[in-house]
Amino acid sequence: MRKTIAVLAVALTGLLAACGGTGAASAGGKTVTVYTVDGLEDWYTARFAEFEQQTGITVEAVTAGSGEVASRVEKEKANTKADVLVTLPPFVQRVAGLLQPYTPPGADQVTDKDPQGRYFAMMNNYLSFIHNPGATPKTWDDLLDPKLKGKVQYSTPGEAGDGTAVLLQLQHVLGEQGALDYLGRLEANNAGPSSSTGKLQPKVAKGELLVANGDLQMNLAEIAESGGFDVFFPADAQGRRSTFALPYYAGLVTNAPHADEARKLLDFLFSPQVQAKTADAFGIPARADVTATGPNADKIKAALQGVEIWHPDWAAVLGKLDADLAAYKKAVER
């Protein structure tokens with residue numbers, strides 16, 4: 001789930017010191033630094049411990065929103081700190097020029113990947129919404145109900161991958177202008193901007209919010225741990241529910257300080273043995289030759305039952321993203 005875990009959420013100042021080669025942890029080049037979108041903290045804890053046991057290489061991770069970790073890679077391109085980047089679309093496509101081609105063994109089984117080999121889907125996931133048991137919204141129109149004033153919140157498009165996904169989903173359902181008109185109307189109920197999707201989950205569980213956006217992996221993991229809310233996919237005027245994939249993409253950063261160790265980590269994360277464990281985090285294997293089984297996999301299938309899956313053209317999304325975000329800010333008067 002998307003909360004801070006001390007083992008993983010390395011303070012940026014400490015990270016920069018370690019990556020500069022002066023920290024004890026980086027002695028001998030035995031540390032890999034991962035800039036990662038939040039959502040996989042618990043899963044990382046277990047996987048990185050296994051990786052260290054197998055290789056002797058430790059992993060340090062900076063966890064933040066998908067846009068923020070991508071921006072850090074951009075800002076640090078003249079003095080690279082990160083070895084591996086894990087983030088969501090369209091942010092990974094935005095910084096693809098700062099990732100170097102590297103193909104882990106078995107990546108031919110990964111169907112969702114950069115044609116130039118700069119990033120690969122590491123774990124599949126989907127846009128979703130959550131609601132407190134005190135509310136039972138089923139449609140997009142339900143979220144406009146005045147009874148939800150101040151009780152709806154979604155992470156900000158352009159700052160969070162899940163928030164950007166909300167804008168894309170509404171464009172799919174209502175068209176570009178229809179999406180802007182809808183979000184303008186939703187402002188009457190919106191509790192305000194949020195750079196983090198994960199921070200909305202506890203608010204919904206406590207009843208501070210009644211509805212928020214999320215993603216299926218993160219939401220199901222939180223429900224399994226502490227409950228307090230339910231997952232849903234808002235229906236359109238015809239009763240159709242739909243969503244699209246928001247994969248966790250992973251890539252090797254150009255001029256990575258510990259490139260050899262980073263390649264070993266990527267090899268590990270894409271191995272069949274680790275891919276088979278994605279269901280531990282309520283994720284879906286990215287490799288076509290690996291099938292998730294067990295109770296968690298069954299819950300994923302049940303949640304997606306009857307939901308139409310569509311596929312964005314991420315190159316097209318990225319090409320007009322700046323214009324879309326500018327139009328969004330105007331529509332919600334920010």
# chains A, B, ... in the order shown; residues from 1 in each chain; ligands from 1
>>> residues_around(residues="Phe48 of chain A", least_positions_apart="6", cutoff="9 Å", atoms="only C-alpha atoms", output="PyMOL selection string")
chain A and resi 57-60+265
>>> select_by_dssp(residues="segment 137-332 of chain A", states="strand (DSSP E or B)", output="ChimeraX atom specification")
/A:139,152-153,157,160,190,211-215,230-232,235,241-245,248-253,284-285,287,308-310
>>> residues_around(residues="segment 204-217 of chain A", least_positions_apart="5", cutoff="6 Å", atoms="only C-alpha atoms", output="list in words")
Asn125, Tyr126, Leu127, Ser128, Phe129, Ile130, His131, Asn132, Lys151, Val152, Gln153, Tyr154, Gly228, Phe229, Phe282 and Gly283 of chain A
>>> select_by_dssp(residues="segment 233-319 of chain A", states="helix (DSSP H, G or I)", output="JSON, numbers by chain")
{"A": [259, 260, 261, 262, 263, 264, 265, 266, 267, 268, 269, 272, 273, 274, 275, 278, 279, 280, 281, 295, 296, 297, 298, 299, 300, 301, 302, 303, 314, 315, 316, 317, 318, 319]}
>>> residues_around(residues="segment 29-43 of chain A", least_positions_apart="2", cutoff="6 Å", atoms="only C-alpha atoms", output="list in words")
Met1, Arg2, Ser26, Ala27, Thr45, Ala46, Ile57, Thr58, Val59, Glu60, Ala61, Val62, Thr63, Ala64, Gly65, Ser66, Val69, Ala82, Asp83, Val84, Leu85, Val86, Thr87, Met218, Ala262 and Ala281 of chain A
